[in-house]
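J.: input-v1.cif is reproduced below (mmCIF, C-alpha atoms and all ligand atoms).
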data_start
#
loop_
_atom_site.label_atom_id
_atom_site.label_comp_id
_atom_site.auth_asym_id
_atom_site.auth_seq_id
_atom_site.Cartn_x
_atom_site.Cartn_y
_atom_site.Cartn_z
CA MET A 1291 124.34 103.94 77.29
CA ASP A 1292 122.24 106.69 78.89
CA PHE A 1293 121.64 106.43 82.64
CA ASN A 1294 119.41 109.51 82.86
CA PRO A 1295 115.66 108.99 82.73
CA CYS A 1296 114.14 110.44 79.55
CA MET A 1297 111.67 113.35 79.66
CA LYS A 1298 108.69 110.96 79.44
CA HIS A 1299 109.86 108.89 82.40
CA GLN A 1300 110.65 112.02 84.44
CA LEU A 1301 107.17 113.37 83.76
CA ILE A 1302 105.49 110.08 84.73
CA SER A 1303 107.49 109.96 87.95
CA LYS A 1304 106.63 113.58 88.85
CA THR A 1305 102.93 113.18 88.03
CA VAL A 1306 102.55 110.01 90.12
CA ARG A 1307 104.56 111.48 92.99
CA GLU A 1308 102.33 114.57 93.16
CA PHE A 1309 99.17 112.46 93.13
CA VAL A 1310 100.28 109.99 95.80
CA GLU A 1311 101.73 112.70 98.08
CA ASN A 1312 98.47 114.68 97.97
CA GLU A 1313 95.82 111.99 97.74
CA ILE A 1314 97.23 108.93 99.50
CA LYS A 1315 99.98 109.93 101.94
CA PRO A 1316 97.71 111.69 104.47
CA MET A 1317 95.73 108.45 104.98
CA VAL A 1318 98.41 105.77 104.80
CA ALA A 1319 99.10 105.28 108.52
CA GLU A 1320 95.37 105.11 109.28
CA LEU A 1321 94.72 102.55 106.52
CA ASP A 1322 97.53 100.40 107.89
CA ARG A 1323 96.25 100.70 111.47
CA GLU A 1324 92.67 99.85 110.48
CA ALA A 1325 93.73 97.27 107.84
CA ARG A 1326 91.25 98.96 105.50
CA PHE A 1327 91.21 98.89 101.70
CA PRO A 1328 90.60 102.48 100.51
CA HIS A 1329 87.81 102.26 97.93
CA GLU A 1330 87.56 106.07 97.89
CA ILE A 1331 91.22 106.42 96.82
CA VAL A 1332 90.76 103.73 94.19
CA GLU A 1333 87.96 105.87 92.70
CA ARG A 1334 90.43 108.77 92.37
CA MET A 1335 93.08 106.49 90.84
CA LYS A 1336 90.78 105.13 88.13
CA PRO A 1337 90.81 108.17 85.78
CA LEU A 1338 94.63 108.26 85.98
CA HIS A 1339 94.87 104.77 84.41
CA PHE A 1340 96.53 103.11 87.42
CA PHE A 1341 94.43 100.01 86.66
CA GLY A 1342 95.32 99.75 82.98
CA LEU A 1343 98.96 100.80 82.99
CA GLN A 1344 100.14 98.57 80.13
CA VAL A 1345 96.76 97.92 78.56
CA PRO A 1346 96.58 99.23 74.97
CA LYS A 1347 94.79 102.56 74.62
CA HIS A 1348 92.00 101.11 72.44
CA LEU A 1349 91.02 98.91 75.41
CA GLY A 1350 90.96 101.88 77.77
CA GLY A 1351 94.49 101.66 79.21
CA ALA A 1352 97.51 103.93 79.29
CA GLY A 1353 99.61 101.76 76.93
CA LEU A 1354 102.80 102.35 78.94
CA ASP A 1355 106.13 100.63 78.34
CA THR A 1356 107.50 98.42 81.13
CA VAL A 1357 110.10 100.95 82.36
CA SER A 1358 107.28 103.48 82.86
CA TYR A 1359 105.25 100.77 84.59
CA ALA A 1360 108.13 100.12 87.03
CA ILE A 1361 108.41 103.85 87.73
CA VAL A 1362 104.68 104.12 88.52
CA ILE A 1363 104.80 101.13 90.90
CA GLU A 1364 107.93 102.46 92.64
CA GLU A 1365 106.39 105.91 93.17
CA LEU A 1366 103.08 104.47 94.39
CA SER A 1367 104.80 102.01 96.75
CA ARG A 1368 107.07 104.76 98.10
CA VAL A 1369 103.91 106.09 99.74
CA SER A 1370 101.65 103.04 100.01
CA ALA A 1371 103.18 99.60 99.51
CA ALA A 1372 99.74 98.02 100.07
CA LEU A 1373 98.20 99.97 97.17
CA GLY A 1374 101.37 99.31 95.17
CA LEU A 1375 100.71 95.61 95.72
CA CYS A 1376 97.08 95.96 94.63
CA VAL A 1377 98.01 97.80 91.44
CA THR A 1378 100.98 95.65 90.45
CA VAL A 1379 99.19 92.32 90.99
CA HIS A 1380 96.12 93.61 89.14
CA ASN A 1381 98.17 94.83 86.16
CA SER A 1382 100.80 92.11 85.93
CA VAL A 1383 99.51 88.71 86.98
CA GLY A 1384 95.86 89.84 86.73
CA ILE A 1385 95.64 91.48 83.31
CA SER A 1386 98.81 90.50 81.42
CA PRO A 1387 98.01 86.74 81.14
CA ILE A 1388 94.62 87.61 79.60
CA LEU A 1389 96.27 90.00 77.13
CA GLU A 1390 98.97 87.46 76.27
CA PHE A 1391 97.04 84.17 76.22
CA GLY A 1392 93.40 85.25 75.92
CA THR A 1393 91.25 85.01 72.82
CA LYS A 1394 90.02 88.23 71.23
CA GLU A 1395 86.65 87.55 72.79
CA GLN A 1396 88.17 87.09 76.28
CA ILE A 1397 90.26 90.25 75.93
CA ASN A 1398 87.23 92.30 74.90
CA ARG A 1399 85.06 90.73 77.59
CA PHE A 1400 87.39 91.15 80.59
CA VAL A 1401 90.14 93.70 79.96
CA PRO A 1402 88.22 97.00 79.49
CA ALA A 1403 86.46 96.71 82.89
CA MET A 1404 89.76 95.74 84.54
CA ALA A 1405 91.64 98.62 82.87
CA ALA A 1406 88.97 101.02 84.10
CA GLY A 1407 89.46 99.74 87.66
CA ASP A 1408 85.85 98.56 87.80
CA SER A 1409 86.91 94.93 88.15
CA ILE A 1410 90.04 94.32 90.23
CA GLY A 1411 92.22 91.38 89.22
CA ALA A 1412 93.57 88.56 91.37
CA PHE A 1413 95.84 85.62 90.63
CA CYS A 1414 95.44 82.48 92.69
CA LEU A 1415 97.95 79.72 92.62
CA THR A 1416 98.90 79.18 96.27
CA GLU A 1417 97.14 76.49 98.33
CA ALA A 1418 97.78 74.98 101.75
CA ASN A 1419 100.01 72.29 100.17
CA ALA A 1420 101.21 74.20 97.10
CA GLY A 1421 103.39 77.27 97.61
CA SER A 1422 106.82 77.30 95.97
CA ASP A 1423 105.89 73.98 94.38
CA ALA A 1424 103.19 75.02 91.92
CA GLY A 1425 102.98 71.40 90.75
CA GLY A 1426 101.27 70.55 94.04
CA VAL A 1427 98.01 72.35 93.17
CA GLU A 1428 95.00 70.25 94.17
CA THR A 1429 92.12 72.54 93.14
CA SER A 1430 90.27 70.54 90.54
CA ALA A 1431 88.34 71.40 87.40
CA ARG A 1432 85.97 68.72 86.16
CA GLN A 1433 85.02 69.07 82.54
CA THR A 1434 81.30 68.86 81.70
CA GLN A 1435 79.50 69.20 78.37
CA ASP A 1436 79.30 72.98 78.58
CA GLY A 1437 82.22 73.97 80.82
CA TYR A 1438 84.09 73.14 84.01
CA ILE A 1439 83.20 72.69 87.68
CA ILE A 1440 85.91 74.00 89.99
CA ASN A 1441 86.48 72.78 93.55
CA GLY A 1442 89.24 73.83 95.92
CA THR A 1443 90.62 76.47 98.29
CA LYS A 1444 93.20 79.12 97.46
CA ILE A 1445 95.08 80.95 100.20
CA PHE A 1446 96.92 84.28 100.49
CA VAL A 1447 95.21 85.85 97.50
CA THR A 1448 96.25 89.48 97.07
CA ASN A 1449 93.18 91.68 96.37
CA GLY A 1450 91.10 88.58 97.28
CA GLY A 1451 88.52 90.54 99.27
CA VAL A 1452 87.78 93.01 96.46
CA ALA A 1453 88.59 91.12 93.27
CA GLY A 1454 86.10 90.94 90.41
CA THR A 1455 88.13 88.95 87.87
CA ILE A 1456 90.08 86.04 89.31
CA LEU A 1457 92.61 83.82 87.54
CA VAL A 1458 92.46 80.38 89.13
CA PHE A 1459 94.96 77.53 88.71
CA ALA A 1460 93.35 74.11 88.73
CA VAL A 1461 94.13 70.60 87.60
CA THR A 1462 91.71 69.08 85.14
CA GLU A 1463 90.65 65.62 86.21
CA GLY A 1464 91.61 62.88 83.80
CA ALA A 1465 93.42 65.17 81.32
CA LYS A 1466 96.98 64.41 80.17
CA ASN A 1467 98.40 67.92 80.55
CA ALA A 1468 96.36 68.78 83.56
CA ALA A 1469 97.30 72.32 84.68
CA ASN A 1470 94.88 74.99 83.52
CA VAL A 1471 93.98 78.57 84.31
CA PHE A 1472 90.35 79.67 84.49
CA ILE A 1473 88.92 83.17 84.57
CA VAL A 1474 86.32 83.30 87.33
CA GLU A 1475 84.04 86.30 87.82
CA LYS A 1476 83.17 87.14 91.43
CA ASP A 1477 79.42 86.65 90.98
CA ARG A 1478 79.68 83.01 89.89
CA PRO A 1479 77.67 80.73 92.20
CA GLY A 1480 80.04 78.60 94.28
CA PHE A 1481 82.68 81.33 94.58
CA LEU A 1482 83.20 82.55 98.16
CA VAL A 1483 85.62 84.98 99.80
CA GLY A 1484 87.19 83.94 103.12
CA GLU A 1485 88.30 86.13 106.03
CA ILE A 1486 90.81 88.88 105.33
CA GLU A 1487 94.27 87.81 106.62
CA ASP A 1488 95.63 89.62 109.69
CA LEU A 1489 99.07 90.34 108.20
CA CYS A 1490 102.34 91.76 109.52
CA GLY A 1491 102.56 94.30 106.67
CA MET A 1492 100.62 95.29 103.52
CA ARG A 1493 97.69 95.61 105.90
CA ALA A 1494 95.57 97.81 103.63
CA ASN A 1495 95.48 95.07 101.00
CA PRO A 1496 92.57 92.62 101.48
CA VAL A 1497 94.63 89.43 101.14
CA SER A 1498 92.28 86.48 101.72
CA SER A 1499 91.45 82.86 101.04
CA LEU A 1500 89.07 82.10 98.19
CA PHE A 1501 86.77 79.08 98.08
CA PHE A 1502 85.43 77.34 94.98
CA GLU A 1503 82.58 74.98 95.77
CA ASP A 1504 81.13 73.37 92.65
CA CYS A 1505 81.81 76.69 90.93
CA LYS A 1506 80.68 76.36 87.30
CA VAL A 1507 82.46 78.27 84.57
CA PRO A 1508 81.66 78.07 80.85
CA MET A 1509 84.14 76.58 78.36
CA GLU A 1510 85.04 80.07 77.14
CA ASN A 1511 86.50 80.96 80.57
CA LEU A 1512 89.46 78.60 80.08
CA LEU A 1513 92.51 80.82 79.46
CA GLY A 1514 94.87 79.68 76.72
CA LYS A 1515 94.97 76.16 75.33
CA PRO A 1516 94.15 73.11 77.51
CA GLY A 1517 97.22 72.17 79.59
CA GLN A 1518 98.91 75.58 79.20
CA GLY A 1519 98.36 76.50 82.86
CA LEU A 1520 101.95 76.24 84.04
CA LYS A 1521 103.27 78.23 81.08
CA ILE A 1522 100.67 80.96 81.67
CA GLY A 1523 101.57 81.07 85.37
CA LEU A 1524 105.33 81.22 84.85
CA THR A 1525 105.07 83.85 82.10
CA GLY A 1526 102.79 85.95 84.30
CA LEU A 1527 105.18 85.65 87.23
CA ASP A 1528 108.13 86.92 85.14
CA THR A 1529 106.18 90.13 84.54
CA GLY A 1530 104.91 90.10 88.11
CA ARG A 1531 108.44 89.99 89.51
CA ILE A 1532 109.29 93.29 87.80
CA GLY A 1533 106.34 94.81 89.65
CA ILE A 1534 107.32 93.34 93.02
CA ALA A 1535 110.92 94.53 92.50
CA ALA A 1536 109.56 98.03 91.83
CA GLN A 1537 107.36 97.81 94.91
CA ALA A 1538 110.33 96.79 97.10
CA LEU A 1539 112.40 99.62 95.63
CA GLY A 1540 109.67 102.14 96.47
CA ILE A 1541 109.65 100.97 100.10
CA ALA A 1542 113.48 101.22 100.28
CA GLN A 1543 113.45 104.72 98.73
CA ALA A 1544 110.88 105.93 101.28
CA ALA A 1545 112.91 104.49 104.19
CA PHE A 1546 116.07 106.12 102.86
CA GLU A 1547 114.48 109.57 102.48
CA ALA A 1548 113.01 109.38 105.99
CA SER A 1549 116.43 108.37 107.36
CA VAL A 1550 118.30 111.26 105.72
CA ALA A 1551 115.78 113.77 107.09
CA TYR A 1552 115.84 112.24 110.58
CA ALA A 1553 119.65 112.01 110.70
CA LYS A 1554 119.92 115.74 109.93
CA GLU A 1555 117.32 116.70 112.51
CA ARG A 1556 118.00 114.40 115.48
CA GLN A 1557 120.56 115.83 117.92
CA GLN A 1558 122.68 113.73 120.27
CA PHE A 1559 125.94 114.76 121.96
CA ASN A 1560 125.11 118.35 120.87
CA ARG A 1561 125.20 117.64 117.17
CA PRO A 1562 122.98 116.07 114.50
CA ILE A 1563 123.47 112.29 114.35
CA SER A 1564 124.28 112.73 110.61
CA ARG A 1565 127.69 113.97 111.78
CA PHE A 1566 128.58 110.50 113.13
CA GLN A 1567 130.58 108.34 110.74
CA THR A 1568 128.52 105.21 111.49
CA ILE A 1569 125.28 106.95 110.50
CA GLN A 1570 126.96 108.26 107.34
CA ASN A 1571 128.05 104.70 106.51
CA TYR A 1572 124.45 103.52 106.84
CA LEU A 1573 123.25 106.28 104.50
CA ALA A 1574 126.00 105.54 101.96
CA ASP A 1575 125.17 101.81 101.96
CA MET A 1576 121.46 102.53 101.59
CA ALA A 1577 122.00 104.89 98.64
CA THR A 1578 124.39 102.46 96.90
CA ASN A 1579 122.05 99.49 97.26
CA ILE A 1580 119.04 101.49 96.09
CA ASP A 1581 120.92 102.72 93.01
CA ALA A 1582 122.08 99.21 92.13
CA ALA A 1583 118.55 97.86 92.68
CA ARG A 1584 117.04 100.49 90.38
CA LEU A 1585 119.57 99.70 87.64
CA LEU A 1586 118.76 95.98 87.79
CA LEU A 1587 115.04 96.73 87.76
CA HIS A 1588 115.18 99.08 84.80
CA ARG A 1589 117.39 96.64 82.90
CA ALA A 1590 114.82 93.84 83.36
CA ALA A 1591 112.02 96.21 82.28
CA ALA A 1592 114.01 97.42 79.25
CA PHE A 1593 114.70 93.78 78.22
CA LYS A 1594 110.96 93.11 78.33
CA ASP A 1595 110.22 96.23 76.28
CA LYS A 1596 112.74 95.13 73.64
CA GLY A 1597 111.21 91.65 73.43
CA THR A 1598 114.44 90.05 74.74
CA PRO A 1599 114.03 87.07 77.14
CA PHE A 1600 113.95 88.65 80.60
CA SER A 1601 113.09 85.87 83.06
CA ALA A 1602 116.54 85.71 84.75
CA GLN A 1603 116.84 89.51 84.75
CA ALA A 1604 113.41 89.83 86.40
CA SER A 1605 114.43 87.28 89.05
CA MET A 1606 117.72 89.12 89.71
CA ALA A 1607 115.84 92.41 90.04
CA LYS A 1608 113.25 90.88 92.37
CA LEU A 1609 115.91 89.17 94.50
CA PHE A 1610 118.12 92.25 94.82
CA CYS A 1611 115.33 94.84 95.23
CA SER A 1612 113.60 92.80 97.94
CA ASP A 1613 116.89 92.19 99.81
CA THR A 1614 117.59 95.92 99.50
CA ALA A 1615 114.16 96.75 100.92
CA ARG A 1616 114.90 94.51 103.92
CA THR A 1617 118.39 95.84 104.66
CA VAL A 1618 117.49 99.49 104.01
CA THR A 1619 114.36 99.41 106.19
CA ASP A 1620 116.38 97.68 108.92
CA MET A 1621 119.01 100.42 108.78
CA ALA A 1622 116.24 103.04 108.74
CA VAL A 1623 114.82 101.71 112.02
CA GLN A 1624 118.35 101.65 113.47
CA ILE A 1625 118.96 105.28 112.48
CA HIS A 1626 115.66 106.27 114.13
CA GLY A 1627 116.61 104.43 117.35
CA GLY A 1628 113.65 103.76 119.66
CA TYR A 1629 111.39 106.06 117.62
CA GLY A 1630 111.91 103.79 114.63
CA TYR A 1631 110.24 100.99 116.57
CA SER A 1632 107.18 103.14 117.25
CA LYS A 1633 104.12 103.48 115.01
CA GLU A 1634 104.55 107.24 115.35
CA TYR A 1635 107.19 107.02 112.59
CA ASP A 1636 106.65 105.66 109.07
CA VAL A 1637 109.84 103.57 109.10
CA GLU A 1638 108.14 101.09 111.44
CA ARG A 1639 105.59 100.38 108.66
CA TYR A 1640 108.27 100.25 105.95
CA PHE A 1641 110.12 97.65 108.04
CA ARG A 1642 106.99 95.45 108.25
CA ASP A 1643 105.99 95.98 104.60
CA ALA A 1644 109.44 95.12 103.23
CA LYS A 1645 109.65 91.53 104.49
CA VAL A 1646 107.00 89.97 102.30
CA THR A 1647 108.67 91.19 99.10
CA GLN A 1648 111.17 88.36 99.74
CA ILE A 1649 108.31 85.85 99.94
CA TYR A 1650 105.55 86.39 97.37
CA GLU A 1651 105.70 85.80 93.61
CA GLY A 1652 108.51 83.35 94.33
CA THR A 1653 110.63 83.43 97.50
CA SER A 1654 114.26 84.61 97.34
CA GLU A 1655 115.28 80.94 97.31
CA VAL A 1656 113.09 80.35 94.25
CA GLN A 1657 114.56 83.42 92.49
CA ARG A 1658 118.04 81.94 93.03
CA MET A 1659 116.84 78.67 91.51
CA VAL A 1660 115.59 80.53 88.40
CA ILE A 1661 118.86 82.49 88.09
CA ALA A 1662 121.03 79.39 88.59
CA ARG A 1663 119.00 77.43 86.02
CA HIS A 1664 119.58 80.26 83.54
CA ILE A 1665 123.35 80.25 84.22
CA LEU A 1666 123.65 76.49 83.90
CA THR A 1667 121.68 76.22 80.68
CA GLN A 1668 123.72 78.90 78.85
CA PRO A 1669 125.99 77.44 76.16
CA SER A 1670 129.61 77.58 77.40
C1 LIG B 1701 100.88 88.99 101.68
C2 LIG B 1701 100.91 87.82 100.74
C3 LIG B 1701 100.30 87.93 99.50
C4 LIG B 1701 100.31 86.85 98.62
N1 LIG B 1701 99.63 86.95 97.42
C5 LIG B 1701 99.49 85.85 96.63
C6 LIG B 1701 98.66 85.87 95.47
O1 LIG B 1701 98.08 86.90 95.11
N2 LIG B 1701 98.51 84.72 94.77
C7 LIG B 1701 99.12 83.56 95.10
O2 LIG B 1701 98.95 82.56 94.43
N3 LIG B 1701 99.94 83.49 96.21
C8 LIG B 1701 100.12 84.61 96.98
N4 LIG B 1701 100.89 84.56 98.11
C9 LIG B 1701 101.55 83.30 98.46
C10 LIG B 1701 103.04 83.34 98.17
O3 LIG B 1701 103.30 83.43 96.79
C11 LIG B 1701 103.66 82.10 98.84
O4 LIG B 1701 103.61 82.32 100.24
C12 LIG B 1701 105.08 81.84 98.37
O5 LIG B 1701 105.10 81.43 97.02
C13 LIG B 1701 105.78 80.77 99.22
O6 LIG B 1701 105.00 79.64 99.37
P1 LIG B 1701 104.73 79.04 100.84
O7 LIG B 1701 104.27 80.16 101.70
O8 LIG B 1701 103.86 77.86 100.71
O9 LIG B 1701 106.17 78.61 101.35
P2 LIG B 1701 106.91 77.22 101.04
O10 LIG B 1701 106.88 76.95 99.58
O11 LIG B 1701 106.39 76.19 101.96
O12 LIG B 1701 108.39 77.60 101.45
C14 LIG B 1701 108.85 77.61 102.78
C15 LIG B 1701 110.36 77.87 102.73
O13 LIG B 1701 111.02 76.80 102.03
C16 LIG B 1701 111.76 77.32 100.95
N5 LIG B 1701 111.73 76.39 99.82
C17 LIG B 1701 110.65 75.79 99.25
N6 LIG B 1701 111.03 75.02 98.23
C18 LIG B 1701 112.39 75.14 98.13
C19 LIG B 1701 113.38 74.59 97.26
N7 LIG B 1701 113.05 73.77 96.26
N8 LIG B 1701 114.67 74.94 97.44
C20 LIG B 1701 114.99 75.78 98.44
N9 LIG B 1701 114.12 76.33 99.31
C21 LIG B 1701 112.82 76.02 99.15
C22 LIG B 1701 111.07 78.64 100.59
O14 LIG B 1701 111.92 79.50 99.84
C23 LIG B 1701 110.72 79.15 101.97
O15 LIG B 1701 111.84 79.76 102.55
C24 LIG B 1701 100.96 85.65 98.98
C25 LIG B 1701 101.60 85.56 100.22
C26 LIG B 1701 101.59 86.61 101.09
C27 LIG B 1701 102.26 86.47 102.43
#
Do you think you could lay out the structure here as structure tokens?
Ligand SMILES: Cc1cc2nc3c(=O)[nH]c(=O)nc-3n(C[C@H](O)[C@H](O)[C@H](O)COP(=O)(O)OP(=O)(O)OC[C@H]3O[C@@H](n4cnc5c(N)ncnc54)[C@H](O)[C@@H]3O)c2cc1C
T.:
Amino acid sequence: MDFNPCMKHQLISKTVREFVENEIKPMVAELDREARFPHEIVERMKPLHFFGLQVPKHLGGAGLDTVSYAIVIEELSRVSAALGLCVTVHNSVGISPILEFGTKEQINRFVPAMAAGDSIGAFCLTEANAGSDAGGVETSARQTQDGYIINGTKIFVTNGGVAGTILVFAVTEGAKNAANVFIVEKDRPGFLVGEIEDLCGMRANPVSSLFFEDCKVPMENLLGKPGQGLKIGLTGLDTGRIGIAAQALGIAQAAFEASVAYAKERQQFNRPISRFQTIQNYLADMATNIDAARLLLHRAAAFKDKGTPFSAQASMAKLFCSDTARTVTDMAVQIHGGYGYSKEYDVERYFRDAKVTQIYEGTSEVQRMVIARHILTQPS
């Protein structure tokens, strides 16, 4: 068992770190303050394959393995969790279901533009009455002779305000296995974008509601076989959870680094606060949790790369990485004292950004349900 990252993974990490430090970091606080999605940064990210991380090279992507993917999302989220969210949702629950369940025609029609970053992906399951309980989806798809007519409202859609290719969960009226996923392009008549949410964190991501009012899609926009919607959603979320775990880890890593630097620099009682045992305990706990989180994350990613079932491992990684992000950012604010509660310091943003990693793509309670189900269905 080798715990050291290989040369390829080290190089990926270094390359992404250099890019995000130079191109994104100087603007991050402003983007958060203005709740603005940075189209100009997205343009600079496109040639580096951020939008086609695991897409095969012949479709214009980088063809990365899942461990590399997790490293990219961690490094990106270490600087901008909101862009990390955009990129991970686009790649995982946006593109991967099309690659896995799409026909050759659908893959060729949608994936190259998505991999190029010219069409951002979104995944919409959540509705006012359907959150953790995906079975409660009410958005309907009525079948006609040449396609489907979709009606309903989706809420809290990551990338909603800028998405070009949207995966929509709907129930097909009258069908036996009713849950389906449709690929909806943003210029379809009847598709409307709602107001951008005024969020606590992830403020540079245009999370919004999406409305479907008699929105017609052709038959060939149904993803997978009729009635496969739930399977497509759950499979996509397994991959998605690796991305959210990596995002949470990136936030925790940033908060830890800021805390070490601050603890060495800040003087109280005529010495740096890093000399106090309590502060050292915080730093030791942060480092230990971050290490454990990264090991769980890379294990889940390695399972996926090997083709081994990885659903429980992805849930464990998501649960532990998001809890780590919460406790580490909390400690980071504590180490910074009053300054940590001020927007002058980045830890204030990390603290706000961390919380939602325990909520989206399955709350921590839902991750525990997935893990427990896995334990209880293992042969004894
Ligand atoms: C910033 C942001 C971005 C998002 N992006 C997307 C997106 O791109 N696409 C999308 O579809 N959704 C998205 N969501 C929605 C997100 O996935 C849901 O908020 C989440 O799944 C929880 O659903 P809910 O908010 O309806 O909470 P509820 O399901 O109402 O849960 C409320 C509480 O009850 C608990 N609970 C519910 N059921 C159980 C149970 N059986 N056992 C124990 N506890 C339970 C939950 O864990 C939670 O603590 C996003 C949300 C946010 C905030």
J.: Enumerate, in order of chain and increasing residue number, the residues of chain A with an atom no farther than 9 Å from ligand LIG 1701 (chain B), each with its shortest atom pair and distance in Å to one decimal, counting all atoms listed in the file, as JSON lines.
T.:
{"residue": "A:Leu1375", "atom": "CA", "partner": "B:LIG1701", "partner_atom": "C3", "distance": 8.6}
{"residue": "A:Val1379", "atom": "CA", "partner": "B:LIG1701", "partner_atom": "O1", "distance": 6.9}
{"residue": "A:Val1383", "atom": "CA", "partner": "B:LIG1701", "partner_atom": "O1", "distance": 8.5}
{"residue": "A:Ala1412", "atom": "CA", "partner": "B:LIG1701", "partner_atom": "O1", "distance": 6.1}
{"residue": "A:Phe1413", "atom": "CA", "partner": "B:LIG1701", "partner_atom": "N2", "distance": 5.0}
{"residue": "A:Cys1414", "atom": "CA", "partner": "B:LIG1701", "partner_atom": "O2", "distance": 3.9}
{"residue": "A:Leu1415", "atom": "CA", "partner": "B:LIG1701", "partner_atom": "O2", "distance": 3.5}
{"residue": "A:Thr1416", "atom": "CA", "partner": "B:LIG1701", "partner_atom": "O2", "distance": 3.8}
{"residue": "A:Glu1417", "atom": "CA", "partner": "B:LIG1701", "partner_atom": "O8", "distance": 7.3}
{"residue": "A:Ala1418", "atom": "CA", "partner": "B:LIG1701", "partner_atom": "O8", "distance": 6.8}
{"residue": "A:Asn1419", "atom": "CA", "partner": "B:LIG1701", "partner_atom": "O8", "distance": 6.8}
{"residue": "A:Ala1420", "atom": "CA", "partner": "B:LIG1701", "partner_atom": "O8", "distance": 5.8}
{"residue": "A:Gly1421", "atom": "CA", "partner": "B:LIG1701", "partner_atom": "O8", "distance": 3.2}
{"residue": "A:Ser1422", "atom": "CA", "partner": "B:LIG1701", "partner_atom": "O10", "distance": 3.6}
{"residue": "A:Asp1423", "atom": "CA", "partner": "B:LIG1701", "partner_atom": "O10", "distance": 6.1}
{"residue": "A:Ala1424", "atom": "CA", "partner": "B:LIG1701", "partner_atom": "O5", "distance": 8.4}
{"residue": "A:Lys1444", "atom": "CA", "partner": "B:LIG1701", "partner_atom": "O2", "distance": 7.4}
{"residue": "A:Ile1445", "atom": "CA", "partner": "B:LIG1701", "partner_atom": "N3", "distance": 6.8}
{"residue": "A:Phe1446", "atom": "CA", "partner": "B:LIG1701", "partner_atom": "C24", "distance": 4.5}
{"residue": "A:Val1447", "atom": "CA", "partner": "B:LIG1701", "partner_atom": "O1", "distance": 3.9}
{"residue": "A:Thr1448", "atom": "CA", "partner": "B:LIG1701", "partner_atom": "O1", "distance": 3.7}
{"residue": "A:Asn1449", "atom": "CA", "partner": "B:LIG1701", "partner_atom": "O1", "distance": 7.0}
{"residue": "A:Gly1450", "atom": "CA", "partner": "B:LIG1701", "partner_atom": "O1", "distance": 7.5}
{"residue": "A:Val1458", "atom": "CA", "partner": "B:LIG1701", "partner_atom": "O2", "distance": 8.7}
{"residue": "A:Phe1459", "atom": "CA", "partner": "B:LIG1701", "partner_atom": "O2", "distance": 8.6}
{"residue": "A:Glu1487", "atom": "CA", "partner": "B:LIG1701", "partner_atom": "C1", "distance": 8.3}
{"residue": "A:Leu1489", "atom": "CA", "partner": "B:LIG1701", "partner_atom": "C1", "distance": 6.9}
{"residue": "A:Cys1490", "atom": "CA", "partner": "B:LIG1701", "partner_atom": "C1", "distance": 8.4}
{"residue": "A:Gly1491", "atom": "CA", "partner": "B:LIG1701", "partner_atom": "C1", "distance": 7.5}
{"residue": "A:Met1492", "atom": "CA", "partner": "B:LIG1701", "partner_atom": "C1", "distance": 6.6}
{"residue": "A:Arg1493", "atom": "CA", "partner": "B:LIG1701", "partner_atom": "C1", "distance": 8.5}
{"residue": "A:Asn1495", "atom": "CA", "partner": "B:LIG1701", "partner_atom": "C1", "distance": 8.2}
{"residue": "A:Val1497", "atom": "CA", "partner": "B:LIG1701", "partner_atom": "C3", "distance": 6.1}
{"residue": "A:Ser1498", "atom": "CA", "partner": "B:LIG1701", "partner_atom": "C3", "distance": 8.4}
{"residue": "A:Val1646", "atom": "CA", "partner": "B:LIG1701", "partner_atom": "C27", "distance": 5.9}
{"residue": "A:Thr1647", "atom": "CA", "partner": "B:LIG1701", "partner_atom": "C1", "distance": 8.5}
{"residue": "A:Gln1648", "atom": "CA", "partner": "B:LIG1701", "partner_atom": "O14", "distance": 8.9}
{"residue": "A:Ile1649", "atom": "CA", "partner": "B:LIG1701", "partner_atom": "C12", "distance": 5.4}
{"residue": "A:Tyr1650", "atom": "CA", "partner": "B:LIG1701", "partner_atom": "O3", "distance": 3.8}
{"residue": "A:Glu1651", "atom": "CA", "partner": "B:LIG1701", "partner_atom": "O3", "distance": 4.6}
{"residue": "A:Gly1652", "atom": "CA", "partner": "B:LIG1701", "partner_atom": "O5", "distance": 4.7}
{"residue": "A:Thr1653", "atom": "CA", "partner": "B:LIG1701", "partner_atom": "O14", "distance": 4.8}
{"residue": "A:Ser1654", "atom": "CA", "partner": "B:LIG1701", "partner_atom": "O14", "distance": 6.2}
{"residue": "A:Glu1655", "atom": "CA", "partner": "B:LIG1701", "partner_atom": "O14", "distance": 4.4}
{"residue": "A:Val1656", "atom": "CA", "partner": "B:LIG1701", "partner_atom": "O14", "distance": 5.8}
{"residue": "A:Gln1657", "atom": "CA", "partner": "B:LIG1701", "partner_atom": "O14", "distance": 8.7}
{"residue": "A:Arg1658", "atom": "CA", "partner": "B:LIG1701", "partner_atom": "C20", "distance": 8.7}
{"residue": "A:Met1659", "atom": "CA", "partner": "B:LIG1701", "partner_atom": "N8", "distance": 7.3}
J.: Determine the nearest neighbour of His1588 of chain A from the options A:Phe1309, A:Tyr1640, A:Phe1293, A:Tyr1572, counting only C-alpha atoms.
T.: A:Phe1293
J.: In Å to one decimal, how far is atom CA of Ser1499 of chain A from atom CA of Met1606 of chain A?
T.: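 Separating atom CA of Met1606 of chain A from atom CA of Ser1499 of chain A is a distance of 29.3 Å.
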J.: I'd like to know which of A:Ile1456, A:Leu1366, A:Ala1574, A:Leu1500 is closest to Leu1512 of chain A, using only C-alpha atoms.
T.: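 Smallest separation from Leu1512 of chain A among the options: A:Ile1456.
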